[in-house]
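Novice: Contents are compact mmCIF, C-alpha atoms; file name data-v8.txt:
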```txt
# COMPACT_ATOMS: atom_id res chain seq x y z
CA MET A 1 -44.23 -53.98 20.46
CA THR A 2 -43.81 -57.15 22.48
CA GLY A 3 -46.63 -59.64 22.01
CA THR A 4 -47.36 -58.79 18.36
CA ARG A 5 -46.82 -61.71 16.01
CA TYR A 6 -44.96 -60.58 12.91
CA LEU A 7 -44.51 -62.53 9.69
CA VAL A 8 -40.91 -62.15 8.51
CA HIS A 9 -40.51 -61.14 4.87
CA GLY A 10 -36.72 -61.16 4.92
CA VAL A 11 -33.67 -58.90 4.95
CA PHE A 12 -33.69 -56.00 2.49
CA TRP A 13 -30.95 -53.62 1.35
CA PRO A 14 -32.09 -50.18 0.13
CA PRO A 15 -30.23 -48.65 -2.82
CA PRO A 16 -26.98 -46.78 -2.11
CA PRO A 17 -26.93 -42.97 -2.02
CA PRO A 18 -26.41 -41.11 -5.33
CA PRO A 19 -22.78 -40.20 -6.11
CA GLU A 20 -23.22 -36.58 -5.04
CA ALA A 21 -24.56 -37.65 -1.63
CA ALA A 22 -21.79 -40.21 -1.17
CA ALA A 23 -19.20 -37.54 -2.00
CA GLY A 24 -20.66 -35.38 0.74
CA GLY A 25 -20.37 -38.13 3.34
CA GLY A 26 -23.85 -39.66 2.97
CA VAL A 27 -23.97 -43.35 3.84
CA GLY A 28 -27.48 -44.12 2.64
CA PRO A 29 -30.27 -46.01 4.39
CA SER A 30 -29.51 -49.11 6.45
CA PRO A 31 -30.53 -52.71 5.69
CA TYR A 32 -33.55 -53.90 7.60
CA LEU A 33 -35.67 -56.90 8.57
CA ARG A 34 -39.14 -56.46 7.06
CA LEU A 35 -42.00 -57.63 9.26
CA GLN A 36 -45.71 -57.93 8.46
CA ALA A 37 -48.10 -57.19 11.32
CA PRO A 38 -51.45 -59.01 11.66
CA ASP A 39 -53.29 -56.00 10.17
CA GLY A 40 -51.17 -56.14 7.00
CA THR A 41 -48.98 -53.14 7.78
CA PHE A 42 -45.21 -53.42 7.76
CA ARG A 43 -42.48 -52.65 10.24
CA GLU A 44 -38.79 -52.30 9.38
CA VAL A 45 -36.20 -53.27 12.00
CA THR A 46 -32.85 -51.66 11.20
CA LEU A 47 -29.88 -54.03 11.16
CA ASP A 48 -26.98 -51.62 11.71
CA ALA A 49 -23.82 -52.55 13.58
CA GLY A 50 -24.65 -52.44 17.30
CA THR A 51 -28.30 -53.42 16.82
CA HIS A 52 -29.56 -55.92 19.40
CA LEU A 53 -32.10 -58.21 17.76
CA GLY A 54 -34.23 -60.21 20.20
CA PHE A 55 -37.15 -62.42 19.23
CA ARG A 56 -38.90 -65.71 19.82
CA LEU A 57 -40.49 -68.02 17.26
CA ALA A 58 -44.26 -67.69 17.74
CA ALA A 59 -45.55 -70.50 15.52
CA GLU A 60 -44.39 -73.64 13.80
CA GLY A 61 -43.63 -73.83 10.09
CA LYS A 62 -43.55 -71.20 7.39
CA HIS A 63 -46.39 -69.16 5.92
CA CYS A 64 -47.05 -67.63 2.51
CA LEU A 65 -45.65 -64.16 1.84
CA GLY A 66 -48.06 -63.36 -1.00
CA HIS A 67 -47.29 -62.59 -4.63
CA HIS A 68 -46.26 -59.74 -6.93
CA VAL A 69 -48.03 -58.08 -9.83
CA VAL A 70 -45.50 -56.22 -12.00
CA HIS A 71 -46.62 -53.02 -13.78
CA GLY A 72 -43.31 -51.75 -15.13
CA PRO A 73 -39.58 -51.22 -14.47
CA ALA A 74 -40.13 -49.36 -11.19
CA HIS A 75 -43.69 -50.26 -10.21
CA ARG A 76 -45.06 -53.49 -8.78
CA ASP A 77 -47.73 -54.40 -6.24
CA HIS A 78 -47.05 -56.81 -3.42
CA VAL A 79 -50.33 -58.63 -2.79
CA LEU A 80 -50.44 -60.25 0.64
CA CYS A 81 -51.80 -63.77 1.03
CA ALA A 82 -55.38 -63.29 2.18
CA ARG A 83 -55.39 -66.60 4.07
CA ARG A 84 -51.83 -66.43 5.44
CA ALA A 85 -51.72 -70.01 4.26
CA PRO A 86 -48.84 -72.40 4.93
CA ALA A 87 -46.01 -72.09 2.41
CA VAL A 88 -45.78 -75.09 0.10
CA ARG A 89 -43.55 -73.74 -2.72
CA GLY A 90 -40.62 -71.77 -1.37
CA HIS A 91 -42.30 -68.95 0.57
CA GLN A 92 -45.69 -69.16 -1.16
CA CYS A 93 -48.90 -71.15 -1.04
CA GLU A 94 -50.01 -72.89 -4.22
CA ARG A 95 -52.41 -70.11 -5.26
CA CYS A 96 -49.93 -67.25 -4.76
CA PHE A 97 -47.25 -69.19 -6.63
CA VAL A 98 -49.53 -69.68 -9.65
CA VAL A 99 -50.55 -66.00 -9.94
CA ASP A 100 -47.10 -64.51 -9.19
CA ASP A 101 -45.72 -62.60 -12.18
CA SER A 102 -42.13 -63.25 -11.09
CA ARG A 103 -42.27 -66.97 -11.88
CA LEU A 104 -42.72 -66.17 -15.59
CA ILE A 105 -39.39 -64.33 -15.85
CA HIS A 106 -37.30 -67.46 -16.26
CA ASP A 107 -38.98 -68.61 -19.51
CA PHE A 108 -39.30 -65.20 -21.17
CA HIS A 109 -36.11 -65.60 -23.23
CA ARG A 110 -37.32 -68.99 -24.45
CA GLY A 111 -40.48 -67.50 -25.95
CA GLY A 112 -42.68 -67.69 -22.85
CA ARG A 113 -45.66 -65.32 -22.77
CA VAL A 114 -45.80 -62.64 -20.09
CA PRO A 115 -48.36 -59.94 -19.14
CA PRO A 116 -47.76 -56.37 -20.39
CA GLY A 117 -46.47 -55.02 -17.08
CA LEU A 118 -43.90 -57.77 -16.71
CA ARG A 119 -42.87 -57.35 -20.34
CA SER A 120 -42.22 -53.65 -19.66
CA TYR A 121 -40.04 -54.61 -16.70
CA LEU A 122 -38.13 -57.21 -18.71
CA MET A 123 -37.52 -54.88 -21.65
CA GLN A 124 -35.47 -52.44 -19.56
CA PRO A 125 -31.65 -52.72 -19.68
CA HIS A 126 -30.14 -55.51 -17.58
CA TRP A 127 -26.68 -56.39 -16.29
CA LEU A 128 -24.87 -59.72 -16.37
CA TYR A 129 -22.60 -60.29 -13.37
CA VAL A 130 -20.34 -62.85 -11.74
CA ALA A 131 -20.63 -63.04 -7.94
CA THR A 132 -18.15 -64.76 -5.65
CA PHE A 133 -18.89 -65.86 -2.10
CA ALA A 134 -16.69 -66.33 0.95
CA ASN A 135 -15.22 -69.72 -0.02
CA GLY A 136 -14.63 -68.85 -3.67
CA ALA A 137 -17.85 -70.41 -4.99
CA SER A 138 -19.05 -68.24 -7.88
CA LYS A 139 -22.23 -67.86 -9.91
CA VAL A 140 -23.47 -65.96 -12.93
CA GLY A 141 -26.59 -63.86 -12.56
CA THR A 142 -28.64 -60.96 -13.89
CA ALA A 143 -29.85 -57.69 -12.41
CA ALA A 144 -32.35 -55.17 -13.73
CA GLU A 145 -31.04 -51.66 -14.26
CA LEU A 146 -32.75 -50.25 -11.16
CA ARG A 147 -31.52 -53.05 -8.87
CA LYS A 148 -27.97 -53.35 -10.14
CA TRP A 149 -26.31 -52.80 -6.73
CA GLN A 150 -29.03 -54.19 -4.46
CA ARG A 151 -29.25 -57.54 -6.22
CA LEU A 152 -25.69 -58.39 -5.21
CA ALA A 153 -25.95 -56.84 -1.75
CA GLU A 154 -28.99 -58.96 -0.89
CA GLN A 155 -27.37 -62.17 -2.16
CA GLY A 156 -24.41 -61.79 0.20
CA ALA A 157 -21.69 -61.52 -2.44
CA VAL A 158 -18.18 -60.92 -1.11
CA ALA A 159 -16.81 -59.84 -4.49
CA ALA A 160 -18.56 -59.29 -7.82
CA SER A 161 -17.96 -57.99 -11.32
CA PHE A 162 -20.29 -56.88 -14.08
CA VAL A 163 -19.41 -58.49 -17.40
CA ALA A 164 -22.09 -57.29 -19.83
CA HIS A 165 -24.78 -54.61 -20.18
CA ALA A 166 -27.72 -55.91 -22.21
CA ALA A 167 -30.50 -54.03 -23.96
CA ASP A 168 -33.20 -56.05 -22.20
CA GLY A 169 -34.00 -59.01 -20.00
CA ARG A 170 -34.34 -61.43 -22.90
CA VAL A 171 -30.81 -60.84 -24.15
CA VAL A 172 -29.24 -60.96 -20.68
CA ARG A 173 -30.83 -64.34 -19.89
CA ILE A 174 -29.59 -65.78 -23.17
CA LEU A 175 -26.09 -64.66 -22.13
CA GLU A 176 -26.58 -66.08 -18.64
CA ASP A 177 -27.49 -69.52 -20.00
CA LEU A 178 -24.54 -69.33 -22.38
CA VAL A 179 -22.05 -68.64 -19.57
CA THR A 180 -23.50 -71.53 -17.55
CA ARG A 181 -23.20 -73.88 -20.50
CA GLU A 182 -19.78 -72.79 -21.80
CA ALA A 183 -17.96 -71.72 -18.61
CA GLY A 184 -19.66 -74.10 -16.18
CA LEU A 185 -20.82 -71.32 -13.85
CA PRO A 186 -24.00 -72.17 -11.90
CA GLN A 187 -26.86 -69.70 -11.55
CA GLN A 188 -27.43 -70.43 -7.86
CA VAL A 189 -25.37 -70.95 -4.71
CA ARG A 190 -27.27 -72.38 -1.75
CA SER A 191 -27.81 -70.17 1.27
CA ALA A 192 -26.45 -72.85 3.61
CA ALA A 193 -23.21 -72.96 1.61
CA LYS A 194 -22.85 -69.16 1.81
CA ALA A 195 -23.33 -69.22 5.59
CA ALA A 196 -20.85 -72.05 6.07
CA ALA A 197 -18.28 -70.19 3.96
CA LEU A 198 -18.63 -67.03 6.05
CA ALA A 199 -17.69 -69.04 9.15
CA SER A 200 -14.22 -69.38 7.61
CA PRO A 201 -13.84 -66.93 4.72
CA ALA A 202 -10.94 -67.02 2.32
CA PRO A 203 -8.58 -63.99 2.27
CA ALA A 204 -10.11 -60.91 0.64
CA GLY A 205 -7.26 -60.49 -1.85
CA TRP A 206 -7.61 -64.04 -3.10
CA LEU A 207 -11.40 -63.72 -3.45
CA SER A 208 -11.07 -60.49 -5.45
CA GLY A 209 -8.50 -62.06 -7.75
CA HIS A 210 -10.56 -65.22 -8.17
CA ASN A 211 -13.67 -63.21 -9.02
CA ALA A 212 -11.72 -61.17 -11.57
CA ALA A 213 -10.46 -64.35 -13.24
CA VAL A 214 -13.90 -65.98 -13.39
CA ALA A 215 -15.44 -62.75 -14.69
CA ALA A 216 -12.77 -62.57 -17.42
CA SER A 217 -13.69 -66.10 -18.48
CA ALA A 218 -17.37 -65.12 -18.66
CA ARG A 219 -16.51 -62.05 -20.76
CA GLY A 220 -14.65 -64.29 -23.16
CA VAL A 221 -17.70 -66.52 -23.54
CA VAL A 222 -20.12 -63.68 -24.32
CA SER A 223 -17.58 -61.94 -26.60
CA ARG A 224 -17.34 -65.03 -28.78
CA SER A 225 -21.08 -65.73 -28.73
CA GLY A 226 -22.08 -63.79 -31.82
CA ALA A 227 -25.17 -62.58 -29.96
CA GLU A 228 -26.41 -59.01 -30.39
CA GLY A 229 -27.98 -56.42 -28.10
CA PHE A 230 -25.30 -56.11 -25.44
CA GLN A 231 -21.92 -54.59 -24.62
CA VAL A 232 -19.09 -56.28 -22.77
CA VAL A 233 -18.16 -54.26 -19.66
CA GLU A 234 -15.45 -54.38 -17.01
CA GLU A 235 -16.86 -52.95 -13.81
CA SER A 236 -16.40 -54.00 -10.19
CA TRP A 237 -19.25 -54.01 -7.71
CA SER A 238 -18.74 -52.08 -4.46
CA ARG A 239 -19.56 -54.19 -1.41
CA PRO A 240 -21.38 -52.38 1.44
CA GLU A 241 -19.10 -51.23 4.27
CA LEU A 242 -21.31 -52.99 6.83
CA ALA A 243 -20.29 -56.34 5.29
CA GLY A 244 -16.55 -55.76 5.81
CA PRO A 245 -15.98 -57.43 9.21
CA LEU A 246 -18.04 -60.51 8.28
CA CYS A 247 -16.09 -60.95 5.03
CA SER A 248 -12.68 -60.62 6.72
CA VAL A 249 -10.64 -63.47 8.19
CA SER A 250 -11.23 -63.68 11.94
CA ARG A 251 -12.31 -66.27 14.50
CA ARG A 252 -16.06 -66.91 14.40
CA HIS A 253 -18.41 -69.91 14.48
CA PRO A 254 -21.68 -71.07 12.96
CA TYR A 255 -24.66 -70.02 15.06
CA PRO A 256 -25.35 -73.07 17.30
CA HIS A 257 -29.17 -72.80 17.47
CA ALA A 258 -31.84 -73.54 14.84
CA LEU A 259 -33.99 -70.54 13.95
CA ALA A 260 -37.13 -72.68 13.62
CA ALA A 261 -38.07 -72.51 17.32
CA GLY A 262 -37.12 -71.01 20.67
CA SER A 263 -35.89 -67.60 21.81
CA HIS A 264 -32.91 -65.79 20.33
CA GLY A 265 -31.08 -62.55 20.92
CA PHE A 266 -27.71 -61.18 19.83
CA THR A 267 -25.92 -57.98 18.90
CA ILE A 268 -25.11 -57.52 15.22
CA THR A 269 -21.61 -56.31 14.37
CA SER A 270 -21.66 -56.86 10.59
CA LEU A 271 -24.13 -57.85 7.87
CA CYS A 272 -23.54 -59.37 4.43
CA GLY A 273 -26.74 -60.16 2.54
CA SER A 274 -28.96 -61.86 5.12
CA PHE A 275 -25.96 -63.16 7.09
CA ALA A 276 -25.04 -61.46 10.35
CA LEU A 277 -21.88 -61.56 12.42
CA ALA A 278 -23.30 -61.45 15.92
CA ALA A 279 -22.25 -61.53 19.56
CA ILE A 280 -24.20 -63.34 22.29
CA ASP A 281 -24.29 -61.89 25.80
CA GLY A 282 -22.18 -63.91 28.20
CA THR A 283 -19.52 -64.99 25.71
CA GLU A 284 -16.75 -63.29 23.78
CA LEU A 285 -17.34 -65.51 20.75
CA GLU A 286 -18.86 -64.26 17.51
CA PHE A 287 -21.29 -66.27 15.38
CA VAL A 288 -22.54 -66.30 11.80
CA VAL A 289 -26.34 -66.14 11.84
CA ASP A 290 -28.39 -66.67 8.66
CA LEU A 291 -31.34 -64.34 9.21
CA GLY A 292 -32.74 -65.56 5.89
CA ARG A 293 -33.89 -68.67 7.73
CA LEU A 294 -36.53 -66.53 9.44
CA LYS A 295 -38.23 -65.69 6.14
CA GLY A 296 -41.82 -66.90 6.21
CA ARG A 297 -41.79 -67.54 9.97
CA SER A 298 -43.79 -65.81 12.71
CA ILE A 299 -41.87 -64.09 15.49
CA GLU A 300 -42.46 -61.87 18.50
CA LEU A 301 -39.89 -59.18 19.23
CA GLY A 302 -38.64 -58.64 22.76
CA GLN A 303 -35.67 -58.56 25.13
CA TYR A 304 -34.63 -62.12 24.40
CA SER A 305 -31.11 -63.54 24.48
CA SER A 306 -29.68 -66.63 22.84
CA GLU A 307 -28.50 -69.42 25.10
CA VAL A 308 -24.73 -69.50 25.47
CA PRO A 309 -23.33 -72.81 24.16
CA ALA A 310 -22.78 -75.16 27.11
CA VAL A 311 -19.31 -76.26 26.01
CA GLN A 312 -17.68 -73.31 24.29
CA GLU A 313 -14.38 -75.11 23.81
CA ALA A 314 -16.10 -77.52 21.43
CA LEU A 315 -16.63 -74.65 19.02
CA PHE A 316 -12.92 -74.13 18.46
```
Translate this file's structure into structure tokens.

Specialist:
Amino acid sequence: MTGTRYLVHGVFWPPPPPPEAAAGGGVGPSPYLRLQAPDGTFREVTLDAGTHLGFRLAAEGKHCLGHHVVHGPAHRDHVLCARRAPAVRGHQCERCFVVDDSRLIHDFHRGGRVPPGLRSYLMQPHWLYVATFANGASKVGTAAELRKWQRLAEQGAVAASFVAHAADGRVVRILEDLVTREAGLPQQVRSAAKAAALASPAPAGWLSGHNAAVAASARGVVSRSGAEGFQVVEESWSRPELAGPLCSVSRRHPYPHALAAGSHGFTITSLCGSFALAAIDGTELEFVVDLGRLKGRSIELGQYSSEVPAVQEALF
């Protein structure tokens, strides 16, 4: 509805269909942009290929997206920020940051205390993976059993491999730190670097081979660790089909407008994580748009279009 100010919570990827549904031709639910209305209800804007997304920035700055209370492996409450306060730590105000269960995860394996619900979540099986992005930059990371596929889909991985299956979240984070220390793999790759890489991705075959080599190195590290409570695995992650065109080598350009202000509108042709390959009306060029930059911002939806770059030749 045009005129409603929505608070953007980000791009989400639902889980893939079960094997029996996939075998029957099921493609599963589509990724979507999650929007919070002023009354606290949510709207999901599908981001399929062919979707025209038009919006204008309705306010300056970013606002708090609330916090989570974790009750178990598959149950958590998302508590909205009552004041819709400005974000001061990532996408949270100071109060929501302090009471968010998620912030305690990172010290659990070092003996940090956590509430019972979060402990239940952390004691489920976890996976250790190596993800590779469009320029070959790779990272080591962890995923809970129930979010094994989604975790990588939402990060915008181009290729990924699972290297270990751990009994719980404590063991997997010990392995993660070990791989960082021994193999030199970071645990984060900046969003801006991922977007820049997708503007000129490396060949798919090279990226797959590079990921396999880095994953093999990580397996070697954990195999020699002497740690207990995990199994080394060799399993490739299946990238969503919608990401294919964006991850392939073709002519495209970084989106020329900042998503902090103004009006924008484009047609999505591919999506990898929160990064879209999009076409602007009035030009045959395609652009890489980081929709993650909208997270925490207020927008109004409508029939808006992005301004065509004044000197298109400068983009080549």

Novice: Calculated over only C-alpha atoms, which of the candidates A:Phe97, A:Tyr121, A:Trp237, A:Tyr304 has the smallest distance to Arg56 (chain A)?

Specialist: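 Closest residue, counting only C-alpha atoms: A:Tyr304.
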
Novice: For Arg84 (chain A), which residue out of A:Thr283, A:Gln303, A:Ser298, A:Ser274 is the nearest one, using all atoms listed in the file?

Specialist: A:Ser298

Novice: Please compute the CA of Asn211 (chain A)-CA of Gly141 (chain A) distance, one decimal, in Å.

Specialist: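 That distance, rounded to one decimal, is 13.4 Å.
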
Novice: Show me as a ChimeraX atom specification the residues that reach within 6 Å of (-46.2, -65.6, 8.2), counting only C-alpha atoms and using the file's own coordinates.

Specialist: /A:7,63,296-298

Novice: For a test of reading the model, state the distance in Å between CA of Thr4 (chain A) and CA of Val308 (chain A), rounded to one decimal.

Specialist: 26.0 Å

Novice: With distances taken over only C-alpha atoms, which of A:Val130, A:Leu301, A:Ile280, A:Ala144 is nearest to Arg43 (chain A)?

Specialist: A:Leu301

Novice: What's around region 265-268 of chain A at 7 Å? Count all atoms listed in the file, leave out sequence neighbours fewer than 5 positions away in its own chain, and write the answer as a ChimeraX atom specification.

Specialist: /A:49-55,276-281,304-306

Novice: At what distance in Å, to one decimal, does CA of Lys139 (chain A) lie from CA of His210 (chain A)?

Specialist: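 For CA of His210 (chain A) relative to CA of Lys139 (chain A), the distance reads 12.1 Å.
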
Novice: Ranking A:Leu198, A:Thr132, A:Ala157, A:Arg151 by minimum distance to Val214 (chain A) and counting only C-alpha atoms, which one comes first?

Specialist: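 Closest candidate: A:Thr132.
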
Novice: Rank nothing, just name the residue among A:Leu178, A:Ala202, A:Cys247, A:Val189 nearest to Val221 (chain A), using all atoms listed in the file.

Specialist: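 The answer is A:Leu178, which sits nearest to Val221 (chain A).
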
Novice: Calculated over all atoms listed in the file, which of the candidates A:Gln150, A:Ser250, A:Ser30, A:Ser223 has the smallest distance to Leu175 (chain A)?

Specialist: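 Going through A:Gln150, A:Ser250, A:Ser30, A:Ser223 one by one, the smallest distance to Leu175 (chain A) is for A:Ser223.
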
Novice: Give me the residues near Leu291 (chain A) as an NGL selection string, where near means some atom within 6 Å (using all atoms listed in the file) and where sequence neighbours in that chain fewer than 2 positions away do not count.

Specialist: :A and (274-275 or 289 or 293-294)

Novice: Name the residues within 9 Å of (-28.1, -55.4, -10.8), counting only C-alpha atoms in the file's coordinates, and put them as a PyMOL selection string.

Specialist: chain A and resi 126-129+141-152+162
